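This report refers to the structure that appears directly beneath it.
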Amino acid sequence: MHIVVCMKQVPDPESPPESFAIDQETLRVEPRGIPPVMSLFDENALEAALKMKDADKDGTRITVLSAGKRVPDAVMLKSLAAGADALAKIEGPDLDHMALNARGTAHVLARAIEKIGDADLILAGRQAADSNAGQVGAEIAAALDFPLITMARKITPDSGSILVERVLADGYEVVKAPLPCVVVVSNEVGELRYPAMKERREAKKKPVSSTGPGDVGAERIPEAGAGLKGLEYPAARERRCEMIPGDDPARAAKTLMKKLKESGLF
Amino acid sequence: MVSPILVLAESSGGKVLALSLEALAMGRKAARESGTSLAVLVCGKGVLTAANELLCYGADKVLAVDNDLLADLHPDLLCAAVSQACDIIKPGALFMAETLAALDLAPRLAARLKTGCASDCVDVSFSRDTGGFIFTKPVYSGNVMAQFALAGEPVVATFRARAAEAPEPGAMSGRVENLDVSLVPSLARYEVVEKVSIDATGGPRLESADKIVSGGRGMGGPEGFAVLAELAKALGGAVGASRPPCDLGWISPVHQVGITGAIVAPSLYIATGISGSTQHVAGMAGARVIVAINNNQDANIFKIADFGIVGDWEKIVPALTRAAAEIAG
């Protein structure tokens, strides 16, 4: 089975708030002094693919696919070190990952997947850690006219199709989907495994390709469904922490409950 | 004249979700600002009870798609049903609450209709200049708020919990209008083999809980979460966790609060043994009252808390459980 995992690079989402500076002239967020990393949810998607590969080492091939103005190998190396077999990059000046919209991104990725040709399963994370939109998976499925399964927490091959556990509000369901299809992976799959030093070294020998959007037939990027109109810092809510001495737990608990009651909570 | 606003409401056990009523409040605001009408739609099998309940919330129209093929709310069939309903109603915007079902439906529908979609919004306003809506949503871990104008009709937006106050029910007015849509089983592009219900805690779910008691790395192991569950139970709330306990396997990732888990905005959030990383804070900073319990008085979490107790959670949490039980009793 050939699995394509779509991977976005994002400014490290766990950086302190002051790292995300707004440039009002260009209407962009300029990350300050923070490195790009792979989007956390896309890492979950890669982990789902790696779990499938664990179960069938010889029969599973994983390609990590990423589009951007520039996709640094240094950012994506972790995916190869963790166990992906190849990295396919689509790079071009129009593919600025800080500005590209979901429909445009999906269009480029869908054309690239067609070019790859033999992809059985396309995986995407549930949303990007920067734009927080959660649309690319659905847009890829629509662009390729593949079935779409979302909120997957486990994927198992099942003779020419796959079984997917989907998270529901009150549990989960197991669905059987034909291939090829697009699966959007939930964070419940678990964190991406941590590669060892040896795997990091060997990852540098794995195949990396870079092509332009024109090479995959994605010269014209479709109109965005969403146009950015403004950026602002969230109104900081002033919270002055009132400290309650904790040395006498019973008294601290009573005091806190009283204060919470005064705040209108019970 | 702007096309009507349509709110898609979800129900569970014959009752409309509180989150859907919040989305309805957003729809009402958008309809008022733009001078248009508000319709609300429920889809499923046996949804007439929920539809009747919606007659109390002042929408101009309450519509229902009641179809046996929607018994399991298969995403492909639901998307087809809502898409056909949109063909009939011709709304300018479709609003829904940011629920698990909406995480699937909103982008699926927008991709199908080729219209703009904004998920996880916290506000909407009508722009007289453009004659369209502006949607506000947090991006970059909640460190930046972005405003979007969406293209096409209907634009699709989902709203984060507590972005609006759920309206109080008024007198029932009007009647439910049934919409006929044509669905066939073959629209489902994958098959549901099995459904498994999990209700491990018996308490409310994280996303809908009014009170949340969360633990972090400081809990030291899975046992700590059993202690937190007692407090959550006494408060009638849910148990949450920061990322490390989920990664370490102390508690299931369904409990995770933060950028990589659920984004919550309860009235009370008690953070226990949580240092307060950006990743976690982005998921809970919208709580009305935040209590931090930590043995490190310099922990980041105290900076965003309303009340702080420096000390051992092992002593403080059980004391809180007793105090909470007294209040409840």
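Naming works like this for the structure tokens: A, B, ... for the chains as they're shown, residue 1 at the start of each chain, ligands 1 onward in shown order.
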For stretch 111-125 of chain A, please output as a PDB file with C-alpha atoms, in the first residue's frame all residues within 9 Å (counting only C-alpha atoms; exclusion window: fewer than 5 positions along the same chain).
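Ended up saving to out-v2.pdb:
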```
ATOM      1  CA  MET A   1       0.000   0.000   0.000  1.00  0.00           C
ATOM      2  CA  HIS A   2       1.289   3.436  -0.913  1.00  0.00           C
ATOM      3  CA  ILE A   3       0.347   6.024   1.706  1.00  0.00           C
ATOM      4  CA  VAL A   4       0.760   9.730   1.020  1.00  0.00           C
ATOM      5  CA  VAL A   5       0.875  11.882   4.153  1.00  0.00           C
ATOM      6  CA  CYS A   6       0.238  15.594   3.612  1.00  0.00           C
ATOM      7  CA  MET A   7       2.496  17.671   5.827  1.00  0.00           C
ATOM      8  CA  SER A  39       2.326  20.770  12.065  1.00  0.00           C
ATOM      9  CA  LEU A  40       1.424  18.649  15.099  1.00  0.00           C
ATOM     10  CA  PHE A  41      -1.749  17.182  13.639  1.00  0.00           C
ATOM     11  CA  ASP A  42       0.066  16.221  10.442  1.00  0.00           C
ATOM     12  CA  GLU A  43       2.579  14.450  12.660  1.00  0.00           C
ATOM     13  CA  ASN A  44      -0.372  12.472  14.064  1.00  0.00           C
ATOM     14  CA  ALA A  45      -1.291  11.544  10.474  1.00  0.00           C
ATOM     15  CA  LEU A  46       2.269  10.357   9.838  1.00  0.00           C
ATOM     16  CA  ALA A  48      -1.042   6.633  11.800  1.00  0.00           C
ATOM     17  CA  ALA A  49       0.798   5.714   8.582  1.00  0.00           C
ATOM     18  CA  THR A  63       5.556   9.365   0.930  1.00  0.00           C
ATOM     19  CA  LEU A  65       4.032  15.424   0.564  1.00  0.00           C
ATOM     20  CA  ALA A  88       8.014  14.975  -2.208  1.00  0.00           C
ATOM     21  CA  ILE A  90       6.134  21.130  -4.276  1.00  0.00           C
ATOM     22  CA  ALA A 106      -5.608  21.224  -1.633  1.00  0.00           C
ATOM     23  CA  GLY A 134      -9.284  21.957   9.138  1.00  0.00           C
ATOM     24  CA  VAL A 136      -7.471  20.727   3.389  1.00  0.00           C
ATOM     25  CA  GLY A 137      -8.366  17.043   3.819  1.00  0.00           C
ATOM     26  CA  ILE A 140      -8.349  17.158  -1.427  1.00  0.00           C
ATOM     27  CA  ALA A 141     -11.069  14.492  -1.335  1.00  0.00           C
ATOM     28  CA  ALA A 143     -10.627  17.672  -5.828  1.00  0.00           C
ATOM     29  CA  LEU A 144      -9.820  14.000  -6.442  1.00  0.00           C
ATOM     30  CA  LEU A 179      -9.260   2.582  -1.744  1.00  0.00           C
ATOM     31  CA  PRO A 180      -8.140   5.059  -2.842  1.00  0.00           C
ATOM     32  CA  CYS A 181      -9.564   7.406  -0.216  1.00  0.00           C
ATOM     33  CA  VAL A 182      -8.665  10.377   1.958  1.00  0.00           C
ATOM     34  CA  VAL A 183      -8.523   9.935   5.723  1.00  0.00           C
ATOM     35  CA  VAL A 184      -8.297  12.887   8.096  1.00  0.00           C
ATOM     36  CA  VAL A 185      -6.567  11.726  11.250  1.00  0.00           C
ATOM     37  CA  SER A 186      -7.507  12.789  14.772  1.00  0.00           C
ATOM     38  CA  ASN A 187      -5.015  13.630  17.482  1.00  0.00           C
ATOM     39  CA  PRO A 213       3.405  23.486  -9.096  1.00  0.00           C
ATOM     40  CA  ASP A 215       5.333  20.277 -13.009  1.00  0.00           C
ATOM     41  CA  VAL A 216       2.314  18.621 -11.411  1.00  0.00           C
ATOM     42  CA  GLY A 217      -0.245  20.571 -13.454  1.00  0.00           C
ATOM     43  CA  ALA A 218      -1.202  23.071 -10.784  1.00  0.00           C
TER      44      ALA A 218
END
```
Counting only C-alpha atoms, which residues of chain B sit at most 7 Å from some atom of chain A, and what is each one's closest atom pair with its distance in Å to one decimal, listed by chain and rising residue number, as CSV?
```
residue,atom,partner,partner_atom,distance
B:Leu100,CA,A:Ala169,CA,6.4
B:Asp104,CA,A:Thr150,CA,6.2
B:Pro107,CA,A:Gln135,CA,5.1
B:Arg108,CA,A:Ala138,CA,5.3
B:Ala111,CA,A:Glu139,CA,5.3
B:Arg112,CA,A:Ala142,CA,6.6
B:Thr115,CA,A:Gly225,CA,5.5
B:Gly116,CA,A:Gly225,CA,3.7
B:Cys117,CA,A:Ala226,CA,6.6
B:Ala118,CA,A:Ala133,CA,6.8
B:Ser119,CA,A:Ala133,CA,5.8
B:Val139,CA,A:Ser131,CA,5.1
B:Tyr140,CA,A:Asp130,CA,4.3
B:Ser141,CA,A:Pro13,CA,5.9
B:Asn143,CA,A:Pro17,CA,5.5
B:Val144,CA,A:Tyr233,CA,4.9
B:Met145,CA,A:Glu232,CA,5.3
B:Ala146,CA,A:Leu231,CA,4.6
B:Gln147,CA,A:Gly230,CA,4.8
B:Phe148,CA,A:Leu228,CA,4.6
B:Ala149,CA,A:Gly227,CA,5.2
B:Leu150,CA,A:Ala226,CA,4.5
B:Ala151,CA,A:Gly225,CA,5.1
B:Arg189,CA,A:Pro147,CA,5.7
B:Tyr190,CA,A:Ala177,CA,4.6
B:Glu191,CA,A:Lys176,CA,5.2
B:Val192,CA,A:Val175,CA,4.3
B:Val193,CA,A:Val175,CA,5.2
B:Glu194,CA,A:Val174,CA,5.1
B:Lys195,CA,A:Glu173,CA,4.2
B:Val196,CA,A:Tyr172,CA,5.3
B:Ser197,CA,A:Gly171,CA,4.3
B:Ile198,CA,A:Gly171,CA,4.4
B:Asp199,CA,A:Asp170,CA,6.7
B:Asp247,CA,A:Glu191,CA,6.8
B:Pro253,CA,A:Glu188,CA,5.5
B:Val254,CA,A:Glu188,CA,6.7
B:Thr260,CA,A:Asn187,CA,6.4
B:Gly261,CA,A:Asn187,CA,6.8
B:Thr278,CA,A:Glu14,CA,5.3
B:Gln279,CA,A:Glu14,CA,5.2
B:Phe302,CA,A:Cys241,CA,6.3
B:Lys303,CA,A:Cys241,CA,6.7
B:Ile304,CA,A:Arg239,CA,5.9
B:Ala305,CA,A:Cys241,CA,5.3
B:Asp306,CA,A:Cys241,CA,4.4
B:Phe307,CA,A:Glu242,CA,4.7
B:Gly308,CA,A:Met243,CA,4.6
B:Ile309,CA,A:Ile244,CA,5.1
B:Val310,CA,A:Gly246,CA,5.4
B:Gly311,CA,A:Gly246,CA,5.1
B:Lys315,CA,A:Pro249,CA,6.1
B:Ile316,CA,A:Pro249,CA,4.9
B:Ala319,CA,A:Ala250,CA,5.2
B:Leu320,CA,A:Ala253,CA,4.8
B:Ala323,CA,A:Lys254,CA,5.9
B:Ala324,CA,A:Met257,CA,6.9
```
**Prompt:** Counting only C-alpha atoms, which of B:Cys43, B:Gly236, B:Asp129, B:Leu105 gets nearest to B:Pro204?
**Reply:** B:Gly236
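All residues of stretch 46-145 of chain A that DSSP, run on the backbone, classes as strand (DSSP E) are A:Arg61, A:Ile62, A:Thr63, A:Val64, A:Leu65, A:Ser66, A:Ala67, A:Gly68, A:Ala86, A:Leu87, A:Ala88, A:Lys89, A:Ile90, A:Glu91, A:Leu121, A:Ile122, A:Leu123, A:Ala124, A:Gly125.
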Now that the selection is made, can you save its residues with all heavy atoms as a compact mmCIF listing (two decimals), in the first residue's frame?
```
# COMPACT_ATOMS: atom_id res chain seq x y z
N ARG A 61 4.45 1.61 1.83
CA ARG A 61 5.39 2.65 1.44
C ARG A 61 4.76 3.99 1.83
O ARG A 61 3.57 4.20 1.59
CB ARG A 61 5.60 2.58 -0.07
CG ARG A 61 6.81 3.31 -0.61
CD ARG A 61 7.28 2.60 -1.90
NE ARG A 61 6.14 2.35 -2.80
CZ ARG A 61 5.76 3.20 -3.77
NH1 ARG A 61 6.40 4.34 -3.97
NH2 ARG A 61 4.74 2.90 -4.57
N ILE A 62 5.55 4.87 2.44
CA ILE A 62 5.01 6.16 2.88
C ILE A 62 5.75 7.30 2.19
O ILE A 62 6.97 7.42 2.29
CB ILE A 62 5.13 6.33 4.41
CG1 ILE A 62 4.40 5.19 5.14
CG2 ILE A 62 4.59 7.68 4.85
CD1 ILE A 62 4.66 5.14 6.63
N THR A 63 4.99 8.15 1.50
CA THR A 63 5.56 9.37 0.93
C THR A 63 5.00 10.56 1.68
O THR A 63 3.77 10.66 1.86
CB THR A 63 5.19 9.50 -0.57
OG1 THR A 63 5.71 8.36 -1.25
CG2 THR A 63 5.78 10.77 -1.17
N VAL A 64 5.88 11.42 2.15
CA VAL A 64 5.43 12.66 2.79
C VAL A 64 5.39 13.74 1.72
O VAL A 64 6.36 13.93 0.98
CB VAL A 64 6.37 13.05 3.96
CG1 VAL A 64 6.08 14.46 4.44
CG2 VAL A 64 6.22 12.05 5.10
N LEU A 65 4.24 14.43 1.62
CA LEU A 65 4.03 15.42 0.56
C LEU A 65 3.82 16.78 1.21
O LEU A 65 2.99 16.93 2.12
CB LEU A 65 2.80 15.02 -0.25
CG LEU A 65 2.32 15.99 -1.33
CD1 LEU A 65 3.36 16.15 -2.43
CD2 LEU A 65 0.99 15.49 -1.92
N SER A 66 4.59 17.77 0.77
CA SER A 66 4.46 19.09 1.37
C SER A 66 4.58 20.18 0.31
O SER A 66 5.43 20.10 -0.57
CB SER A 66 5.56 19.27 2.44
OG SER A 66 5.33 20.49 3.14
N ALA A 67 3.71 21.17 0.41
CA ALA A 67 3.78 22.30 -0.52
C ALA A 67 4.15 23.56 0.24
O ALA A 67 3.70 23.76 1.37
CB ALA A 67 2.42 22.48 -1.21
N GLY A 68 4.94 24.40 -0.37
CA GLY A 68 5.32 25.65 0.28
C GLY A 68 6.19 26.48 -0.64
O GLY A 68 6.65 25.99 -1.67
N ALA A 86 9.97 8.46 1.57
CA ALA A 86 10.39 9.49 0.63
C ALA A 86 9.68 10.80 0.96
O ALA A 86 8.62 10.81 1.59
CB ALA A 86 10.04 9.06 -0.80
N LEU A 87 10.31 11.89 0.50
CA LEU A 87 9.73 13.21 0.70
C LEU A 87 9.53 13.85 -0.66
O LEU A 87 10.46 13.92 -1.47
CB LEU A 87 10.67 14.06 1.57
CG LEU A 87 10.39 15.57 1.66
CD1 LEU A 87 9.03 15.82 2.32
CD2 LEU A 87 11.49 16.26 2.46
N ALA A 88 8.30 14.28 -0.95
CA ALA A 88 8.01 14.98 -2.21
C ALA A 88 7.61 16.40 -1.87
O ALA A 88 6.65 16.62 -1.15
CB ALA A 88 6.89 14.25 -2.96
N LYS A 89 8.39 17.35 -2.39
CA LYS A 89 8.11 18.75 -2.10
C LYS A 89 7.60 19.45 -3.35
O LYS A 89 8.12 19.24 -4.44
CB LYS A 89 9.39 19.45 -1.62
CG LYS A 89 10.06 18.75 -0.45
CD LYS A 89 11.16 19.60 0.15
CE LYS A 89 12.37 19.75 -0.77
NZ LYS A 89 13.42 20.57 -0.13
N ILE A 90 6.59 20.27 -3.19
CA ILE A 90 6.13 21.13 -4.28
C ILE A 90 6.48 22.55 -3.83
O ILE A 90 5.94 23.04 -2.83
CB ILE A 90 4.61 21.03 -4.50
CG1 ILE A 90 4.13 19.58 -4.46
CG2 ILE A 90 4.21 21.73 -5.79
CD1 ILE A 90 4.65 18.72 -5.56
N GLU A 91 7.40 23.18 -4.54
CA GLU A 91 7.87 24.49 -4.09
C GLU A 91 7.70 25.53 -5.20
O GLU A 91 7.87 25.24 -6.37
CB GLU A 91 9.35 24.41 -3.67
CG GLU A 91 9.55 23.48 -2.48
CD GLU A 91 11.02 23.32 -2.09
OE1 GLU A 91 11.80 22.79 -2.90
OE2 GLU A 91 11.38 23.75 -0.98
N LEU A 121 -3.82 5.58 -0.30
CA LEU A 121 -4.41 6.20 0.89
C LEU A 121 -3.76 7.56 1.10
O LEU A 121 -2.53 7.66 1.10
CB LEU A 121 -4.16 5.28 2.09
CG LEU A 121 -4.63 5.74 3.46
CD1 LEU A 121 -6.14 5.92 3.48
CD2 LEU A 121 -4.23 4.70 4.52
N ILE A 122 -4.59 8.59 1.24
CA ILE A 122 -4.07 9.94 1.48
C ILE A 122 -4.42 10.30 2.92
O ILE A 122 -5.60 10.25 3.30
CB ILE A 122 -4.76 11.00 0.57
CG1 ILE A 122 -4.99 10.46 -0.86
CG2 ILE A 122 -4.01 12.32 0.60
CD1 ILE A 122 -3.77 10.07 -1.60
N LEU A 123 -3.43 10.67 3.70
CA LEU A 123 -3.70 11.06 5.08
C LEU A 123 -3.40 12.54 5.28
O LEU A 123 -2.45 13.09 4.73
CB LEU A 123 -2.83 10.26 6.06
CG LEU A 123 -2.97 8.74 6.04
CD1 LEU A 123 -2.14 8.12 7.18
CD2 LEU A 123 -4.42 8.32 6.19
N ALA A 124 -4.24 13.19 6.09
CA ALA A 124 -4.01 14.58 6.46
C ALA A 124 -4.33 14.73 7.94
O ALA A 124 -5.11 13.97 8.49
CB ALA A 124 -4.91 15.50 5.62
N GLY A 125 -3.73 15.72 8.56
CA GLY A 125 -4.03 16.01 9.96
C GLY A 125 -5.37 16.73 10.05
O GLY A 125 -5.88 17.25 9.06
```
**Message:** Using Å and a single decimal, report how far atom CA of B:Gly13 sits from atom CA of B:Ala93.
**Reply:** 27.1 Å
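Separating atom CA of A:Leu80 from atom CA of A:Lys206 is a distance of 7.2 Å.
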**Message:** Report, in Å to a single decimal, how far apart atom CA of B:Ile263 and atom CA of B:Asp76 are.
**Reply:**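 So the two atoms, atom CA of B:Asp76 and atom CA of B:Ile263, lie 26.1 Å apart.
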**Asked** Which residues, written as a ChimeraX atom specification, have at least one atom at most 7 Å from B:Pro244, with only C-alpha atoms counted and residues fewer than 2 positions away on the same chain left out?
**Response** /B:216-217,242,246-248
Emit the selected residues as a short mmCIF file (atom, residue, chain, number, x, y, z; two decimals), in the first residue's frame, including N, CA and C atoms.
```cif
data_model
loop_
_atom_site.label_atom_id
_atom_site.label_comp_id
_atom_site.auth_asym_id
_atom_site.auth_seq_id
_atom_site.Cartn_x
_atom_site.Cartn_y
_atom_site.Cartn_z
N GLY B 216 -1.97 17.79 34.97
CA GLY B 216 -0.81 17.82 34.09
C GLY B 216 0.24 16.83 34.54
N ARG B 217 1.45 17.08 34.10
CA ARG B 217 2.58 16.21 34.43
C ARG B 217 2.74 16.07 35.95
N SER B 242 -3.57 18.05 30.38
CA SER B 242 -2.67 18.70 29.43
C SER B 242 -2.04 17.59 28.58
N CYS B 246 -1.36 12.64 28.57
CA CYS B 246 -1.93 11.86 27.46
C CYS B 246 -0.83 11.12 26.71
N ASP B 247 0.27 11.85 26.45
CA ASP B 247 1.39 11.21 25.76
C ASP B 247 2.00 10.09 26.59
N LEU B 248 1.98 10.26 27.91
CA LEU B 248 2.58 9.26 28.79
C LEU B 248 1.62 8.11 29.08
#
```
**Request:** Mind listing the alpha helix (DSSP H) residues of stretch 82-128 of chain B, per DSSP on the backbone, as a list in words?
**Result:** Val82, Ser83, Gln84, Ala85, Cys86, Asp87, Ile88, Ile89, Leu100, Ala101, Ala102, Leu103, Asp104, Leu105, Ala106, Pro107, Arg108, Leu109, Ala110, Ala111, Arg112 and Leu113 of chain B
**Message:** Just want the 6 Å neighbourhood of B:Ile270, counted on only C-alpha atoms, with same-chain residues fewer than 3 positions away dropped. Output as a PyMOL selection string.
**Reply:** chain B and resi 213-214+290-292
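Take the candidates B:His280, B:Arg288, B:Lys90, B:Arg162 and check each one against B:Gly215 using only C-alpha atoms; the shortest distance goes to B:His280.
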**Complete:** Of B:Met96, B:Val122, B:Leu113, B:Ala271, the one sitting nearest B:Ala23 when using only C-alpha atoms is B:Met96
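When only C-alpha atoms are used to compute distances to A:Pro207, the closest of the residues A:Val71, A:Leu109, A:Leu77, A:Ala152 turns out to be A:Leu77.
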